[in-house]
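structure.pdb (PDB, C-alpha atoms) appears below.
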ATOM      1  CA  SER G 251      22.037  46.567 132.710
ATOM      2  CA  GLY G 252      23.471  49.815 131.421
ATOM      3  CA  TYR G 253      22.982  48.574 127.869
ATOM      4  CA  TYR G 254      20.279  49.639 125.469
ATOM      5  CA  SER G 255      18.828  48.443 122.190
ATOM      6  CA  SER G 256      16.572  50.370 119.874
ATOM      7  CA  SER G 257      14.190  48.537 117.501
ATOM      8  CA  GLY G 258      15.752  45.151 118.224
ATOM      9  CA  SER G 259      19.257  46.167 117.225
ATOM     10  CA  VAL G 260      22.458  45.003 118.913
ATOM     11  CA  CYS G 261      22.775  45.985 122.591
ATOM     12  CA  GLN G 262      25.152  48.835 123.211
ATOM     13  CA  LYS G 263      26.641  50.382 126.308
ATOM     14  CA  CYS G 264      25.343  53.772 127.360
ATOM     15  CA  PRO G 265      28.257  56.215 126.984
ATOM     16  CA  LYS G 266      29.875  58.219 129.760
ATOM     17  CA  GLY G 267      27.748  61.130 130.916
ATOM     18  CA  SER G 268      24.529  59.133 130.574
ATOM     19  CA  LYS G 269      22.493  56.254 132.016
ATOM     20  CA  ALA G 270      20.099  53.643 130.611
ATOM     21  CA  ASN G 271      16.427  54.680 130.657
ATOM     22  CA  LEU G 272      15.472  51.355 132.276
ATOM     23  CA  ASN G 273      17.224  48.938 134.603
ATOM     24  CA  SER G 274      16.653  46.165 132.057
ATOM     25  CA  ALA G 275      15.543  46.017 128.439
ATOM     26  CA  ALA G 276      16.484  49.671 128.055
ATOM     27  CA  THR G 277      15.664  51.266 124.740
ATOM     28  CA  ALA G 278      17.666  54.481 125.099
ATOM     29  CA  CYS G 279      20.203  56.382 127.186
ATOM     30  CA  ILE G 280      19.419  59.523 129.182
ATOM     31  CA  SER G 281      22.029  62.226 129.707
ATOM     32  CA  CYS G 282      23.042  63.078 133.263
ATOM     33  CA  THR G 283      21.923  66.597 134.157
ATOM     34  CA  GLY G 284      22.569  69.326 136.711
ATOM     35  CA  GLY G 285      24.921  68.238 139.475
ATOM     36  CA  GLU G 286      25.051  64.640 138.233
ATOM     37  CA  TYR G 287      27.785  62.948 136.242
ATOM     38  CA  GLN G 288      28.858  59.516 135.046
ATOM     39  CA  ASP G 289      32.497  58.719 134.331
ATOM     40  CA  LEU G 290      31.849  55.085 133.352
ATOM     41  CA  GLU G 291      30.122  53.438 130.414
ATOM     42  CA  GLY G 292      27.123  51.110 130.676
ATOM     43  CA  GLN G 293      25.495  52.478 133.821
ATOM     44  CA  ILE G 294      21.876  52.610 134.956
ATOM     45  CA  SER G 295      22.248  55.692 137.174
ATOM     46  CA  CYS G 296      24.193  58.930 137.425
ATOM     47  CA  LYS G 297      26.383  59.943 140.352
ATOM     48  CA  ASN G 298      25.930  63.062 142.465
ATOM     49  CA  CYS G 299      28.879  65.422 142.160
ATOM     50  CA  PRO G 300      29.915  67.245 145.363
ATOM     51  CA  GLY G 301      32.015  69.650 143.329
ATOM     52  CA  PHE G 302      31.831  70.847 139.742
ATOM     53  CA  VAL G 303      30.490  68.923 136.725
ATOM     54  CA  SER G 304      32.314  69.306 133.409
ATOM     55  CA  ASP G 305      33.017  67.564 130.100
ATOM     56  CA  ASN G 306      29.309  67.077 129.289
ATOM     57  CA  ASN G 307      28.595  65.508 132.689
ATOM     58  CA  ARG G 308      31.409  62.998 132.286
ATOM     59  CA  LYS G 309      33.639  64.451 134.973
ATOM     60  CA  CYS G 310      33.323  65.656 138.585
ATOM     61  CA  THR G 311      36.012  67.861 140.144
ATOM     62  CA  SER G 312      36.257  68.989 143.763
ATOM     63  CA  CYS G 313      38.447  71.971 144.626
ATOM     64  CA  ILE G 314      40.219  72.043 147.979
ATOM     65  CA  ALA G 315      40.366  75.106 150.242
ATOM     66  CA  GLY G 316      42.950  77.576 148.986
ATOM     67  CA  THR G 317      41.775  77.133 145.397
ATOM     68  CA  LYS G 318      38.809  78.192 143.261
ATOM     69  CA  TRP G 319      36.936  76.756 140.299
ATOM     70  CA  ASN G 320      37.590  78.758 137.122
ATOM     71  CA  GLY G 321      35.008  76.995 134.954
ATOM     72  CA  SER G 322      37.236  74.194 133.757
ATOM     73  CA  THR G 323      39.688  73.364 136.542
ATOM     74  CA  CYS G 324      40.785  74.270 140.065
ATOM     75  CA  GLU G 325      43.374  77.024 140.384
ATOM     76  CA  ASN G 326      45.232  78.466 143.349
ATOM     77  CA  CYS G 327      43.962  81.675 144.901
ATOM     78  CA  PRO G 328      46.372  84.456 143.896
ATOM     79  CA  SER G 329      48.537  86.272 146.429
ATOM     80  CA  GLY G 330      46.576  88.871 148.362
ATOM     81  CA  SER G 331      43.574  86.515 148.644
ATOM     82  CA  PHE G 332      42.404  83.221 150.155
ATOM     83  CA  SER G 333      39.584  80.655 150.254
ATOM     84  CA  ASN G 334      38.834  78.740 153.442
ATOM     85  CA  THR G 335      36.188  76.331 152.092
ATOM     86  CA  ALA G 336      36.206  73.588 149.486
ATOM     87  CA  ASN G 337      34.651  74.177 146.059
ATOM     88  CA  ALA G 338      34.894  77.950 146.153
ATOM     89  CA  THR G 339      34.121  79.823 142.947
ATOM     90  CA  ASN G 340      35.850  83.008 144.114
ATOM     91  CA  CYS G 341      38.770  83.882 146.334
ATOM     92  CA  THR G 342      38.311  86.478 149.084
ATOM     93  CA  GLN G 343      40.604  89.487 149.277
ATOM     94  CA  CYS G 344      42.673  89.760 152.437
ATOM     95  CA  PRO G 345      41.031  92.299 154.775
ATOM     96  CA  LYS G 346      42.666  95.469 156.047
ATOM     97  CA  GLY G 347      45.316  94.789 158.640
ATOM     98  CA  SER G 348      46.477  91.639 156.841
ATOM     99  CA  TYR G 349      48.267  90.404 153.718
ATOM    100  CA  GLN G 350      49.159  87.236 151.830
ATOM    101  CA  ASP G 351      52.384  86.941 149.829
ATOM    102  CA  GLU G 352      51.799  83.342 148.714
ATOM    103  CA  THR G 353      49.278  81.634 146.426
ATOM    104  CA  GLY G 354      46.846  78.828 147.252
ATOM    105  CA  LYS G 355      46.290  79.792 150.880
ATOM    106  CA  THR G 356      43.327  79.314 153.203
ATOM    107  CA  SER G 357      43.894  82.448 155.300
ATOM    108  CA  CYS G 358      45.813  85.712 155.394
ATOM    109  CA  LYS G 359      48.776  86.758 157.513
ATOM    110  CA  SER G 360      48.384  89.532 160.084
ATOM    111  CA  CYS G 361      50.295  92.796 159.929
ATOM    112  CA  ASN G 362      50.949  92.529 163.660
ATOM    113  CA  GLY G 363      54.510  93.840 163.794
ATOM    114  CA  ILE G 364      55.251  96.646 166.237
ATOM    115  CA  ASN G 365      55.098  99.299 163.493
ATOM    116  CA  GLN G 366      53.124  97.514 160.736
ATOM    117  CA  TYR G 367      49.759  98.323 159.200
ATOM    118  CA  GLN G 368      47.789  97.733 155.987
ATOM    119  CA  ASN G 369      44.907 100.040 155.038
ATOM    120  CA  ALA G 370      43.868  98.393 151.754
ATOM    121  CA  LEU G 371      42.244  95.112 150.703
ATOM    122  CA  GLY G 372      43.975  92.280 148.842
ATOM    123  CA  GLN G 373      47.567  93.234 149.586
ATOM    124  CA  THR G 374      50.761  91.172 149.449
ATOM    125  CA  LYS G 375      52.783  92.983 152.129
ATOM    126  CA  CYS G 376      52.475  95.221 155.193
ATOM    127  CA  LEU G 377      53.354  98.912 155.369
ATOM    128  CA  GLU G 378      55.360 100.790 157.998
ATOM    129  CA  CYS G 379      53.814 103.581 160.069
ATOM    130  CA  TRP G 380      55.305 107.027 159.505
ATOM    131  CA  HIS G 381      57.363 109.000 162.025
ATOM    132  CA  ASN G 382      55.582 109.856 165.285
ATOM    133  CA  SER G 383      52.765 107.361 164.680
ATOM    134  CA  LYS G 384      51.749 103.851 165.726
ATOM    135  CA  PRO G 385      49.326 101.174 164.389
ATOM    136  CA  ASN G 386      45.740 101.175 165.636
ATOM    137  CA  ALA G 387      44.281  98.107 167.378
ATOM    138  CA  ASN G 388      43.627  96.083 164.189
ATOM    139  CA  HIS G 389      46.716  97.401 162.340
ATOM    140  CA  SER G 390      44.563  98.884 159.556
ATOM    141  CA  TRP G 391      45.829 102.451 160.006
ATOM    142  CA  CYS G 392      48.383 104.512 161.925
ATOM    143  CA  GLU G 393      47.551 106.984 164.680
ATOM    144  CA  ASN G 394      49.656 110.048 165.375
ATOM    145  CA  ILE G 395      51.651 110.146 168.601
ATOM    146  CA  CYS G 396      51.511 113.751 169.803
ATOM    147  CA  VAL G 397      54.739 115.414 170.945
ATOM    148  CA  GLU G 398      55.278 118.443 173.178
ATOM    149  CA  ASN G 399      57.667 120.462 171.023
ATOM    150  CA  CYS G 400      59.696 120.291 167.829
ATOM    151  CA  PRO G 401      63.412 120.741 167.092
ATOM    152  CA  GLU G 402      64.900 123.282 164.686
ATOM    153  CA  TYR G 403      63.956 122.876 161.031
ATOM    154  CA  GLN G 404      60.506 121.601 162.019
ATOM    155  CA  TYR G 405      57.169 123.124 163.025
ATOM    156  CA  TYR G 406      54.411 121.912 165.330
ATOM    157  CA  ASP G 407      50.860 121.374 164.028
ATOM    158  CA  GLY G 408      49.326 120.859 167.456
ATOM    159  CA  CYS G 409      50.268 117.174 167.635
ATOM    160  CA  ILE G 410      53.285 116.209 165.532
ATOM    161  CA  CYS G 411      56.300 117.803 163.867
ATOM    162  CA  HIS G 412      56.644 118.552 160.157
ATOM    163  CA  ASN G 413      59.669 119.713 158.169
ATOM    164  CA  CYS G 414      60.074 123.392 157.353
ATOM    165  CA  SER G 415      60.910 124.417 153.794
ATOM    166  CA  GLN G 416      64.478 123.993 152.560
ATOM    167  CA  ASN G 417      67.215 125.946 154.432
ATOM    168  CA  CYS G 418      64.671 127.238 156.966
ATOM    169  CA  ILE G 419      65.657 126.934 160.652
ATOM    170  CA  SER G 420      62.386 128.104 162.202
ATOM    171  CA  CYS G 421      58.932 128.286 160.612
ATOM    172  CA  THR G 422      55.238 128.673 161.391
ATOM    173  CA  ASP G 423      54.331 126.116 158.705
ATOM    174  CA  GLU G 424      55.895 124.801 155.505
ATOM    175  CA  ASN G 425      54.971 127.990 153.624
ATOM    176  CA  ASN G 426      56.015 130.570 156.241
ATOM    177  CA  CYS G 427      59.631 130.597 157.333
ATOM    178  CA  ASN G 428      60.788 132.863 160.182
ATOM    179  CA  LYS G 429      64.566 132.317 160.164
ATOM    180  CA  CYS G 430      66.982 131.052 157.515
ATOM    181  CA  GLU G 431      70.345 129.326 157.636
ATOM    182  CA  GLU G 432      73.505 131.443 157.367
ATOM    183  CA  GLY G 433      74.124 132.411 153.756
ATOM    184  CA  TYR G 434      70.420 132.666 152.994
ATOM    185  CA  TYR G 435      67.904 135.482 153.339
ATOM    186  CA  LEU G 436      64.179 135.340 154.035
ATOM    187  CA  SER G 437      62.207 136.579 151.050
ATOM    188  CA  VAL G 438      59.447 139.012 152.015
ATOM    189  CA  LYS G 439      57.485 137.930 148.962
ATOM    190  CA  ASP G 440      57.036 134.199 149.587
ATOM    191  CA  LYS G 441      58.525 133.627 153.067
ATOM    192  CA  LYS G 442      61.052 131.167 151.598
ATOM    193  CA  CYS G 443      64.812 131.059 152.135
ATOM    194  CA  ARG G 444      66.829 132.256 149.145
ATOM    195  CA  MET G 445      70.599 132.169 148.685
ATOM    196  CA  ASN G 446      72.166 135.495 149.681
ATOM    197  CA  PRO G 447      73.446 137.174 146.477
ATOM    198  CA  CYS G 448      75.640 139.692 148.321
ATOM    199  CA  ILE G 449      79.394 139.073 148.648
ATOM    200  CA  ASN G 450      82.329 140.269 150.761
ATOM    201  CA  ASP G 451      81.395 143.232 152.981
ATOM    202  CA  SER G 452      77.954 143.927 151.505
ATOM    203  CA  VAL G 453      74.622 143.324 153.142
ATOM    204  CA  PHE G 454      71.368 142.335 151.494
ATOM    205  CA  ILE G 455      68.538 144.867 151.778
ATOM    206  CA  GLN G 456      64.952 144.206 150.750
ATOM    207  CA  ASN G 457      61.479 145.604 151.107
ATOM    208  CA  GLU G 458      58.189 144.958 149.388
ATOM    209  CA  TYR G 459      59.321 146.995 146.368
ATOM    210  CA  ASP G 460      63.019 146.314 145.863
ATOM    211  CA  GLN G 461      66.019 144.113 146.700
ATOM    212  CA  PHE G 462      69.686 145.179 146.575
ATOM    213  CA  CYS G 463      73.133 144.756 148.148
ATOM    214  CA  MET G 464      74.716 147.594 150.156
ATOM    215  CA  LYS G 465      78.388 147.745 151.102
ATOM    216  CA  LYS G 466      79.163 147.849 154.816
ATOM    217  CA  TYR G 467      81.040 150.946 156.132
ATOM    218  CA  ASN G 468      82.639 151.617 159.487
ATOM    219  CA  ALA G 469      81.401 154.622 161.448
ATOM    220  CA  GLY G 470      83.194 157.764 160.299
ATOM    221  CA  ASP G 471      84.425 156.262 157.032
ATOM    222  CA  PRO G 472      84.597 159.218 154.563
ATOM    223  CA  LYS G 473      83.564 156.856 151.759
ATOM    224  CA  GLY G 474      80.374 155.934 153.556
ATOM    225  CA  PRO G 475      76.991 157.549 153.078
ATOM    226  CA  ILE G 476      76.384 160.940 154.680
ATOM    227  CA  ILE G 477      74.109 160.634 157.691
ATOM    228  CA  ASN G 478      72.143 163.678 158.713
ATOM    229  CA  LYS G 479      72.378 163.882 162.499
ATOM    230  CA  ASN G 480      69.810 166.627 162.804
TER     231      ASN G 480
END
Show the structure stored in the file as structure tokens.
Amino acid sequence: SGYYSSSGSVCQKCPKGSKANLNSAATACISCTGGEYQDLEGQISCKNCPGFVSDNNRKCTSCIAGTKWNGSTCENCPSGSFSNTANATNCTQCPKGSYQDETGKTSCKSCNGINQYQNALGQTKCLECWHNSKPNANHSWCENICVENCPEYQYYDGCICHNCSQNCISCTDENNCNKCEEGYYLSVKDKKCRMNPCINDSVFIQNEYDQFCMKKYNAGDPKGPIINKN
């Protein structure tokens, strides 16, 4: 059995990937089809493949969990993904709140650290929550932790503190400074702190039309400006 002869010729073995058309006195070989294969010569039946058939139905390959079938062989799931069943054709991206930094894995690792989160799919590491925030229940985002007041150089948005613009001690928001550091003046045009251009005993004067430095004088100094007391 497993041999065939056509028109009374010499009996020959059916090749791999096929079976004899009859159990005895076979006259031809029939190719294995679909999910069947045959890895031996001279057979009268094909085998069922639980995995993936290849090489013209001569080979059956099963892929373990943590891998996927790429059309010709099994390959490890890349980092950021996993497969938890055998004979997968695709790997699943790690969900939000998790990551996977290794290949060929059957599950993802949780971003369950005290300050960790991950808000994207298929990632290879966790992220750290920003200042005045904490991870939500599934560590897929960070929630603000409201404070009662803010220190100098920061402003309050109703919940958390944000930095004022550079050299600004007190501000309403990042675009509106109220008080500048020593050596800087508050520009009336853009509410930003600018370096004071005046030197020695001069004082910086500005309005919406002009900016200039004026020398300081003591009261009664004859070199000072004349003040009309009337």
What's the 9 Å shell around segment 271-278 of chain G, counting all atoms listed in the file, without same-chain residues fewer than 3 positions away, as a PyMOL selection string? chain G and resi 251-258+264+294-295
Which residues fall under the PyMOL selection byres ((chain G and resi 414) around 8) in this file, as a PyMOL selection string? chain G and resi 403-405+412-413+415-416+418-421+423-425+427
Could you give me, as a list of chain:residue names, the residues that have an atom at most 12 Å away from the point (38.7, 76.2, 137.4) in the coordinates of the file, using only C-alpha atoms? G:Gly301, G:Phe302, G:Val303, G:Ser304, G:Cys310, G:Thr311, G:Ser312, G:Cys313, G:Ile314, G:Thr317, G:Lys318, G:Trp319, G:Asn320, G:Gly321, G:Ser322, G:Thr323, G:Cys324, G:Glu325, G:Asn326, G:Cys327, G:Asn337, G:Ala338, G:Thr339, G:Asn340, G:Cys341
Point out the residue among G:Thr342, G:Gly316, G:Glu378, G:Cys299 with the least atom-to-atom distance to Lys355 of chain G, counting all atoms listed in the file.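 Checking each candidate against Lys355 of chain G, we get G:Gly316 as the closest.
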Starting from the point (45.5, 91.9, 158.3), work out which residues of protein, DNA or RNA have an atom no more than 7 Å away when counting only C-alpha atoms; state them as a PyMOL selection string. chain G and resi 344-349+358-361+368+389
Just so the selection is clear, what residues does the PyMOL selection byres ((chain G and resi 440) around 12) cover here, as number ranges by chain? G: 415, 424-428, 435-439, 441-444, 458
Got a sec: who's within 12 Å of Ile364 of chain G, counting only C-alpha atoms, leaving out chain neighbours fewer than 6 positions off, as a VMD selection string? chain G and resid 376 to 379 383 to 389 392
So how far away is atom CA of Gly363 of chain G from atom CA of Pro328 of chain G, in Å?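 According to the coordinates, atom CA of Pro328 of chain G and atom CA of Gly363 of chain G are separated by 23.5 Å.
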Report the residues retrieved by the PyMOL selection byres ((chain G and resi 396) around 12) from the displayed file, expressed as a PyMOL selection string. chain G and resi 381-384+393-395+397-400+406-412
Saved segment 411-422 of chain G from the preceding structure, all heavy atoms, as a PDB file, in the first residue's frame:
ATOM      1  N   CYS G 411      -0.310  73.761  40.365  1.00  0.00           N
ATOM      2  CA  CYS G 411       0.599  74.885  40.140  1.00  0.00           C
ATOM      3  C   CYS G 411       1.328  74.735  38.806  1.00  0.00           C
ATOM      4  O   CYS G 411       1.678  73.629  38.400  1.00  0.00           O
ATOM      5  CB  CYS G 411       1.621  74.970  41.269  1.00  0.00           C
ATOM      6  SG  CYS G 411       0.893  75.241  42.902  1.00  0.00           S
ATOM      7  N   HIS G 412       1.548  75.877  38.154  1.00  0.00           N
ATOM      8  CA  HIS G 412       2.334  75.922  36.923  1.00  0.00           C
ATOM      9  C   HIS G 412       3.396  76.996  37.062  1.00  0.00           C
ATOM     10  O   HIS G 412       3.226  77.961  37.811  1.00  0.00           O
ATOM     11  CB  HIS G 412       1.450  76.249  35.713  1.00  0.00           C
ATOM     12  CG  HIS G 412       0.355  75.263  35.479  1.00  0.00           C
ATOM     13  ND1 HIS G 412       0.536  74.100  34.768  1.00  0.00           N
ATOM     14  CD2 HIS G 412      -0.948  75.270  35.872  1.00  0.00           C
ATOM     15  CE1 HIS G 412      -0.599  73.428  34.724  1.00  0.00           C
ATOM     16  NE2 HIS G 412      -1.521  74.115  35.382  1.00  0.00           N
ATOM     17  N   ASN G 413       4.492  76.867  36.337  1.00  0.00           N
ATOM     18  CA  ASN G 413       5.578  77.835  36.404  1.00  0.00           C
ATOM     19  C   ASN G 413       5.201  79.139  35.722  1.00  0.00           C
ATOM     20  O   ASN G 413       4.590  79.152  34.650  1.00  0.00           O
ATOM     21  CB  ASN G 413       6.836  77.273  35.759  1.00  0.00           C
ATOM     22  CG  ASN G 413       7.437  76.140  36.571  1.00  0.00           C
ATOM     23  OD1 ASN G 413       7.299  76.088  37.791  1.00  0.00           O
ATOM     24  ND2 ASN G 413       8.113  75.227  35.890  1.00  0.00           N
ATOM     25  N   CYS G 414       5.589  80.247  36.353  1.00  0.00           N
ATOM     26  CA  CYS G 414       5.464  81.558  35.702  1.00  0.00           C
ATOM     27  C   CYS G 414       6.532  81.673  34.619  1.00  0.00           C
ATOM     28  O   CYS G 414       7.413  80.819  34.507  1.00  0.00           O
ATOM     29  CB  CYS G 414       5.660  82.672  36.730  1.00  0.00           C
ATOM     30  SG  CYS G 414       4.409  82.740  38.029  1.00  0.00           S
ATOM     31  N   SER G 415       6.478  82.739  33.844  1.00  0.00           N
ATOM     32  CA  SER G 415       7.504  82.961  32.824  1.00  0.00           C
ATOM     33  C   SER G 415       8.839  83.267  33.500  1.00  0.00           C
ATOM     34  O   SER G 415       8.911  83.527  34.711  1.00  0.00           O
ATOM     35  CB  SER G 415       7.082  84.092  31.893  1.00  0.00           C
ATOM     36  OG  SER G 415       6.844  85.280  32.630  1.00  0.00           O
ATOM     37  N   GLN G 416       9.899  83.257  32.737  1.00  0.00           N
ATOM     38  CA  GLN G 416      11.250  83.402  33.281  1.00  0.00           C
ATOM     39  C   GLN G 416      11.428  84.716  34.033  1.00  0.00           C
ATOM     40  O   GLN G 416      10.981  85.774  33.586  1.00  0.00           O
ATOM     41  CB  GLN G 416      12.266  83.306  32.140  1.00  0.00           C
ATOM     42  CG  GLN G 416      13.711  83.213  32.608  1.00  0.00           C
ATOM     43  CD  GLN G 416      14.663  82.940  31.458  1.00  0.00           C
ATOM     44  OE1 GLN G 416      14.288  83.031  30.298  1.00  0.00           O
ATOM     45  NE2 GLN G 416      15.893  82.612  31.782  1.00  0.00           N
ATOM     46  N   ASN G 417      12.071  84.642  35.219  1.00  0.00           N
ATOM     47  CA  ASN G 417      12.397  85.782  36.078  1.00  0.00           C
ATOM     48  C   ASN G 417      11.175  86.451  36.700  1.00  0.00           C
ATOM     49  O   ASN G 417      11.273  87.536  37.273  1.00  0.00           O
ATOM     50  CB  ASN G 417      13.208  86.839  35.307  1.00  0.00           C
ATOM     51  CG  ASN G 417      14.445  86.266  34.658  1.00  0.00           C
ATOM     52  OD1 ASN G 417      14.599  86.297  33.439  1.00  0.00           O
ATOM     53  ND2 ASN G 417      15.344  85.711  35.470  1.00  0.00           N
ATOM     54  N   CYS G 418      10.024  85.784  36.629  1.00  0.00           N
ATOM     55  CA  CYS G 418       8.791  86.328  37.202  1.00  0.00           C
ATOM     56  C   CYS G 418       8.540  85.691  38.570  1.00  0.00           C
ATOM     57  O   CYS G 418       8.498  84.464  38.699  1.00  0.00           O
ATOM     58  CB  CYS G 418       7.612  86.064  36.270  1.00  0.00           C
ATOM     59  SG  CYS G 418       6.040  86.651  36.926  1.00  0.00           S
ATOM     60  N   ILE G 419       8.353  86.517  39.601  1.00  0.00           N
ATOM     61  CA  ILE G 419       8.128  86.015  40.959  1.00  0.00           C
ATOM     62  C   ILE G 419       6.662  85.678  41.179  1.00  0.00           C
ATOM     63  O   ILE G 419       6.321  84.679  41.809  1.00  0.00           O
ATOM     64  CB  ILE G 419       8.586  87.062  41.993  1.00  0.00           C
ATOM     65  CG1 ILE G 419      10.090  87.323  41.863  1.00  0.00           C
ATOM     66  CG2 ILE G 419       8.245  86.603  43.407  1.00  0.00           C
ATOM     67  CD1 ILE G 419      10.602  88.422  42.765  1.00  0.00           C
ATOM     68  N   SER G 420       5.779  86.533  40.682  1.00  0.00           N
ATOM     69  CA  SER G 420       4.339  86.346  40.885  1.00  0.00           C
ATOM     70  C   SER G 420       3.618  86.606  39.568  1.00  0.00           C
ATOM     71  O   SER G 420       3.906  87.586  38.873  1.00  0.00           O
ATOM     72  CB  SER G 420       3.840  87.312  41.969  1.00  0.00           C
ATOM     73  OG  SER G 420       2.434  87.264  42.074  1.00  0.00           O
ATOM     74  N   CYS G 421       2.677  85.709  39.216  1.00  0.00           N
ATOM     75  CA  CYS G 421       1.967  85.872  37.945  1.00  0.00           C
ATOM     76  C   CYS G 421       0.531  85.381  38.047  1.00  0.00           C
ATOM     77  O   CYS G 421       0.193  84.578  38.925  1.00  0.00           O
ATOM     78  CB  CYS G 421       2.698  85.139  36.815  1.00  0.00           C
ATOM     79  SG  CYS G 421       2.754  83.344  37.042  1.00  0.00           S
ATOM     80  N   THR G 422      -0.299  85.858  37.132  1.00  0.00           N
ATOM     81  CA  THR G 422      -1.684  85.397  37.025  1.00  0.00           C
ATOM     82  C   THR G 422      -1.737  84.121  36.209  1.00  0.00           C
ATOM     83  O   THR G 422      -2.480  83.187  36.505  1.00  0.00           O
ATOM     84  CB  THR G 422      -2.559  86.476  36.359  1.00  0.00           C
ATOM     85  OG1 THR G 422      -2.421  87.700  37.081  1.00  0.00           O
ATOM     86  CG2 THR G 422      -4.025  86.049  36.344  1.00  0.00           C
TER      87      THR G 422
END
